[in-house]
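Containing mmCIF, C-alpha atoms: target.cif.
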```
data_my_file
loop_
_atom_site.label_atom_id
_atom_site.label_comp_id
_atom_site.auth_asym_id
_atom_site.auth_seq_id
_atom_site.Cartn_x
_atom_site.Cartn_y
_atom_site.Cartn_z
CA MET A 1 0.00 0.00 0.00
CA ASN A 2 1.12 3.59 -0.56
CA GLU A 3 1.52 6.14 2.23
CA ASP A 4 -1.98 7.58 1.74
CA SER A 5 -3.56 4.13 2.09
CA VAL A 6 -1.55 3.39 5.23
CA GLU A 7 -2.71 6.68 6.76
CA GLN A 8 -6.32 5.91 5.81
CA ILE A 9 -6.11 2.49 7.48
CA GLU A 10 -4.70 4.08 10.63
CA LYS A 11 -7.67 6.46 10.76
CA ILE A 12 -10.12 3.62 10.12
CA ASP A 13 -8.47 1.71 12.95
CA SER A 14 -9.00 4.66 15.34
CA PHE A 15 -12.60 5.08 14.18
CA VAL A 16 -13.40 1.42 14.86
CA LYS A 17 -11.59 1.40 18.20
CA GLU A 18 -13.72 4.30 19.40
CA LYS A 19 -16.89 2.50 18.28
CA LEU A 20 -16.20 -0.96 19.70
CA GLN A 21 -13.75 -0.64 22.59
CA ASP A 22 -16.55 -0.83 25.19
CA ASP A 23 -18.38 -3.79 23.63
CA LEU A 24 -19.15 -6.62 26.07
CA THR A 25 -20.51 -9.22 23.64
CA GLY A 26 -17.30 -10.58 22.12
CA HIS A 27 -17.42 -8.17 19.17
CA ASP A 28 -15.00 -5.74 20.75
CA TYR A 29 -11.90 -4.05 19.39
CA ALA A 30 -9.75 -7.04 20.41
CA HIS A 31 -11.86 -9.23 18.11
CA ILE A 32 -11.28 -6.72 15.31
CA THR A 33 -7.52 -6.75 15.76
CA ARG A 34 -7.49 -10.56 15.63
CA VAL A 35 -9.56 -10.55 12.43
CA VAL A 36 -7.22 -8.03 10.82
CA ALA A 37 -4.15 -10.01 11.89
CA MET A 38 -5.63 -13.24 10.47
CA SER A 39 -6.57 -11.41 7.27
CA LYS A 40 -2.93 -10.43 6.82
CA LYS A 41 -1.89 -14.04 7.39
CA LEU A 42 -4.39 -15.40 4.85
CA MET A 43 -3.49 -12.63 2.42
CA GLU A 44 0.20 -13.54 2.55
CA ASP A 45 -0.72 -17.14 1.76
CA GLN A 46 -2.38 -16.13 -1.53
CA SER A 47 -0.61 -16.52 -4.85
CA GLU A 48 -3.17 -14.25 -6.51
CA LYS A 49 -2.82 -10.47 -6.21
CA VAL A 50 -5.38 -8.88 -3.89
CA ASN A 51 -6.41 -5.38 -2.85
CA GLN A 52 -4.71 -5.11 0.52
CA PHE A 53 -6.39 -1.83 1.42
CA VAL A 54 -9.90 -3.22 0.86
CA ILE A 55 -9.12 -6.33 2.93
CA LEU A 56 -7.79 -4.35 5.89
CA ALA A 57 -10.54 -1.72 5.74
CA ALA A 58 -13.27 -4.38 5.59
CA GLY A 59 -11.60 -6.33 8.38
CA TYR A 60 -11.67 -3.29 10.62
CA LEU A 61 -15.18 -2.13 9.67
CA HIS A 62 -17.20 -5.35 9.43
CA ASP A 63 -18.76 -5.15 12.92
CA VAL A 64 -19.35 -1.40 13.01
CA ILE A 65 -22.51 -1.93 10.94
CA ASP A 66 -23.53 -5.29 12.44
CA GLU A 67 -27.27 -5.47 13.16
CA LYS A 68 -26.47 -7.13 16.52
CA LEU A 69 -24.48 -4.12 17.67
CA VAL A 70 -26.21 -1.02 16.28
CA GLU A 71 -29.67 0.45 16.72
CA SER A 72 -30.01 1.21 13.02
CA GLN A 73 -27.94 -0.64 10.45
CA GLU A 74 -28.92 1.87 7.78
CA THR A 75 -27.68 4.78 9.89
CA ALA A 76 -24.45 2.96 10.72
CA GLU A 77 -23.80 2.19 7.04
CA ARG A 78 -24.39 5.82 6.07
CA GLN A 79 -22.00 6.99 8.79
CA VAL A 80 -19.27 4.61 7.63
CA ALA A 81 -19.72 5.61 3.98
CA ASN A 82 -19.47 9.30 4.87
CA PHE A 83 -16.39 8.65 6.99
CA LEU A 84 -14.65 6.83 4.13
CA ARG A 85 -15.46 9.65 1.74
CA GLU A 86 -14.01 12.14 4.23
CA LEU A 87 -10.80 10.07 4.10
CA SER A 88 -10.87 10.41 0.27
CA VAL A 89 -11.30 6.68 -0.24
CA GLY A 90 -12.33 6.09 -3.86
CA ASP A 91 -15.90 5.15 -4.76
CA TYR A 92 -14.82 1.80 -6.21
CA ASP A 93 -13.05 0.79 -2.99
CA ILE A 94 -15.97 1.98 -0.86
CA ALA A 95 -18.37 -0.11 -2.94
CA HIS A 96 -16.06 -3.11 -2.66
CA ILE A 97 -15.73 -2.70 1.12
CA PHE A 98 -19.51 -2.49 1.51
CA ASP A 99 -20.06 -5.49 -0.74
CA ILE A 100 -17.91 -7.46 1.70
CA ILE A 101 -19.18 -6.21 5.05
CA THR A 102 -22.87 -6.37 4.08
CA HIS A 103 -22.69 -9.93 2.68
CA MET A 104 -20.09 -11.82 4.74
CA SER A 105 -22.08 -12.79 7.84
CA PHE A 106 -23.36 -16.30 8.50
CA SER A 107 -26.95 -15.10 8.85
CA ASP A 108 -26.85 -13.25 5.52
CA ASN A 109 -25.83 -16.48 3.80
CA LEU A 110 -28.55 -18.72 5.20
CA GLY A 111 -30.48 -20.23 2.32
CA HIS A 112 -28.27 -18.59 -0.30
CA LYS A 113 -24.49 -18.38 -0.27
CA TYR A 114 -23.34 -14.98 -1.52
CA LYS A 115 -20.35 -15.06 -3.86
CA LEU A 116 -17.69 -12.78 -2.41
CA SER A 117 -14.57 -11.45 -4.10
CA LEU A 118 -11.27 -13.03 -3.04
CA GLU A 119 -10.79 -10.03 -0.74
CA GLY A 120 -14.19 -10.73 0.79
CA GLN A 121 -13.44 -14.42 1.16
CA ILE A 122 -10.28 -13.60 3.11
CA VAL A 123 -12.10 -11.27 5.51
CA GLN A 124 -15.01 -13.70 5.90
CA ASP A 125 -12.63 -16.57 6.68
CA SER A 126 -10.77 -14.44 9.21
CA ASP A 127 -13.96 -13.43 10.99
CA ARG A 128 -15.25 -17.01 11.05
CA LEU A 129 -11.96 -18.38 12.34
CA ASP A 130 -12.27 -16.05 15.34
CA ALA A 131 -15.67 -17.63 16.05
CA ILE A 132 -14.21 -21.12 16.52
CA GLY A 133 -11.51 -22.76 18.60
CA ALA A 134 -10.62 -21.72 22.15
CA ILE A 135 -11.37 -18.04 21.66
CA GLY A 136 -14.54 -18.96 19.80
CA ILE A 137 -15.74 -20.98 22.78
CA ALA A 138 -15.03 -18.07 25.12
CA ARG A 139 -16.76 -15.57 22.83
CA THR A 140 -19.82 -17.80 22.48
CA PHE A 141 -20.40 -17.99 26.23
CA TYR A 142 -19.56 -14.30 26.61
CA TYR A 143 -22.17 -13.34 24.00
CA GLY A 144 -24.75 -15.73 25.43
CA GLY A 145 -24.29 -14.36 28.92
CA ALA A 146 -24.57 -10.77 27.68
CA HIS A 147 -27.92 -11.61 26.04
CA GLY A 148 -29.31 -13.76 28.83
CA HIS A 149 -29.29 -17.02 26.89
CA VAL A 150 -29.67 -20.32 28.73
CA MET A 151 -26.32 -22.11 28.85
CA TYR A 152 -27.69 -25.57 28.07
CA ASP A 153 -31.06 -27.32 28.01
CA PRO A 154 -31.00 -30.91 26.70
CA SER A 155 -34.73 -30.70 25.96
CA ILE A 156 -34.11 -27.95 23.36
CA LYS A 157 -32.69 -29.58 20.25
CA PRO A 158 -30.43 -27.79 17.75
CA ARG A 159 -32.28 -26.45 14.72
CA GLN A 160 -31.59 -26.98 11.03
CA ASP A 161 -32.45 -25.06 7.86
CA MET A 162 -33.14 -21.82 9.69
CA SER A 163 -34.21 -18.51 8.20
CA HIS A 164 -32.38 -15.33 9.16
CA ASP A 165 -35.00 -14.42 11.79
CA GLU A 166 -35.10 -17.96 13.20
CA TYR A 167 -31.32 -17.96 13.51
CA ARG A 168 -31.42 -14.71 15.46
CA ASP A 169 -33.95 -16.23 17.89
CA ASN A 170 -31.29 -18.29 19.63
CA LYS A 171 -32.30 -20.46 22.59
CA THR A 172 -29.16 -21.87 24.23
CA VAL A 173 -25.42 -21.27 24.13
CA ILE A 174 -24.54 -24.90 23.49
CA ASN A 175 -26.97 -25.19 20.59
CA HIS A 176 -25.12 -22.34 18.87
CA PHE A 177 -22.17 -24.69 18.39
CA TYR A 178 -24.33 -27.17 16.50
CA GLU A 179 -26.37 -24.57 14.61
CA LYS A 180 -23.39 -22.54 13.41
CA LEU A 181 -19.90 -22.99 14.78
CA LEU A 182 -19.31 -26.65 13.90
CA LEU A 183 -20.63 -25.93 10.41
CA LEU A 184 -18.21 -23.15 9.56
CA LYS A 185 -15.25 -25.31 8.57
CA LYS A 186 -17.03 -26.62 5.46
CA ASP A 187 -17.68 -23.06 4.25
CA MET A 188 -14.14 -21.73 4.56
CA ASN A 189 -12.90 -20.27 1.29
CA THR A 190 -9.10 -20.26 1.39
CA PRO A 191 -6.75 -23.25 1.80
CA LEU A 192 -5.02 -21.97 4.94
CA ALA A 193 -8.34 -21.09 6.57
CA LYS A 194 -9.63 -24.61 5.86
CA LYS A 195 -6.59 -26.07 7.61
CA ILE A 196 -6.90 -23.82 10.66
CA ALA A 197 -10.64 -24.45 10.83
CA GLU A 198 -10.11 -28.21 10.96
CA GLU A 199 -7.88 -27.86 14.02
CA ARG A 200 -10.17 -25.40 15.81
CA THR A 201 -13.31 -27.41 15.06
CA GLU A 202 -11.70 -30.55 16.47
CA TYR A 203 -10.93 -28.60 19.65
CA MET A 204 -14.56 -27.48 19.94
CA GLN A 205 -15.83 -31.01 19.43
CA THR A 206 -13.56 -32.24 22.23
CA PHE A 207 -14.87 -29.47 24.48
CA LEU A 208 -18.52 -30.31 23.72
CA THR A 209 -17.99 -34.00 24.42
CA LYS A 210 -16.40 -33.14 27.76
CA PHE A 211 -19.06 -30.55 28.58
CA GLU A 212 -21.95 -32.93 27.93
CA SER A 213 -20.32 -35.79 29.84
CA GLU A 214 -19.86 -33.55 32.90
CA TRP A 215 -23.41 -32.19 32.57
CA ASN A 216 -24.80 -35.73 32.63
#
```
Step by step, read the file and then write its structure as structure tokens.
Amino acid sequence: MNEDSVEQIEKIDSFVKEKLQDDLTGHDYAHITRVVAMSKKLMEDQSEKVNQFVILAAGYLHDVIDEKLVESQETAERQVANFLRELSVGDYDIAHIFDIITHMSFSDNLGHKYKLSLEGQIVQDSDRLDAIGAIGIARTFYYGGAHGHVMYDPSIKPRQDMSHDEYRDNKTVINHFYEKLLLLKKDMNTPLAKKIAEERTEYMQTFLTKFESEWN
């Protein structure tokens, strides 16, 4: 990236930190920094040329407009677009960034998998990798506790073939593993992400086996 792009990323970083540093649901600034770091790792593993600025910007901004975290997604999107224009980010890059951050979530791909650019695939993989493994387990319970979800109820079975609204109506923390987290490895896009996802999914499966044996 050139010096202007580096400066723009630094300002985007500060913008996101201010927005998310007080989050208590697992979508905080620390999550963002891990997603950005993983994006860099996946990006370096690519043989194909990618738009580094778009990847980093989308990695930083993806949760600033998340419907789970904002009162109005439309307002949040308008604010981010205006902010990027103030930084003199080009219209093409802004459109590319928004194509990624408005289509990368698990819930937005229920029923129909949206085809992302390679840049989008890298950011999506990075975000999903942070949802699984040891940190993923911690974030899942953290989010569930913040929203008052029941930790586990064996009488409530995991759901399949959910709509967006049904997915959002989550019942228990443990079911979230079966309804989403264990499924993510098959939808990873990049080779390195697939490898990491295998390891982290195996760890989650070991945890769930141990959890259920202790519960019973």
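Closest approach to Glu86 of chain A among A:Ile122, A:Leu192, A:Leu116, A:Ile12 is made by A:Ile12 (distances from only C-alpha atoms).
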- Radius query 10 Å about (-8.6, -10.7, 14.3), atoms used: all atoms listed in the file, as a VMD selection string: chain A and resid 29 to 40 59 to 60 123 126 to 130
- Please provide the set of residues having any atom within 10 Å of Met151 of chain A, restricted to all atoms listed in the file, with same-chain residues fewer than 5 positions apart removed, written as a list in words.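 The contact residues come out as Phe141, Gly144, Gly145, Lys171, Thr172, Val173, Ile174 and Asn175 of chain A.
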Please identify every residue of segment 114-143 of chain A that has at least one atom no farther than 9 Å from an atom of segment 194-202 of chain A, counting only C-alpha atoms, and for each give the shortest atom pair and the distance in Å to one decimal, arranged by chain then increasing number, as a Markdown table.
```
| residue | atom | partner | partner_atom | distance |
| --- | --- | --- | --- | --- |
| A:Asp125 | CA | A:Lys194 | CA | 8.6 |
| A:Arg128 | CA | A:Ala197 | CA | 8.8 |
| A:Leu129 | CA | A:Ala197 | CA | 6.4 |
| A:Ile132 | CA | A:Arg200 | CA | 5.9 |
| A:Gly133 | CA | A:Arg200 | CA | 4.1 |
| A:Ala134 | CA | A:Arg200 | CA | 7.3 |
| A:Gly136 | CA | A:Arg200 | CA | 8.7 |
```
- Message: Which residues, named as in the file, does the PyMOL selection byres ((chain A and resi 142) around 12) pick out? Answer as a PyMOL selection string.
- Response: chain A and resi 23-28+131+135-141+143-151+173
- Task: Apply the PyMOL selection byres ((chain A and resi 51) around 10) to the file shown and report the selected residues as a VMD selection string.
- Result: chain A and resid 1 43 49 to 50 52 to 56 93 96 118 to 119
- Query: Which of these residues is nearest to Asp66 of chain A, using only C-alpha atoms: A:Leu20, A:Ala95, A:Leu42, A:Ala81?
  - Reply: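 When distances to Asp66 of chain A are compared using only C-alpha atoms, the smallest one comes from A:Leu20.
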- Task: Identify all residues satisfying the PyMOL selection byres ((chain A and resi 110) around 8) in the given file; provide them as a VMD selection string.
- Result: chain A and resid 106 to 109 111 to 113 161 to 164
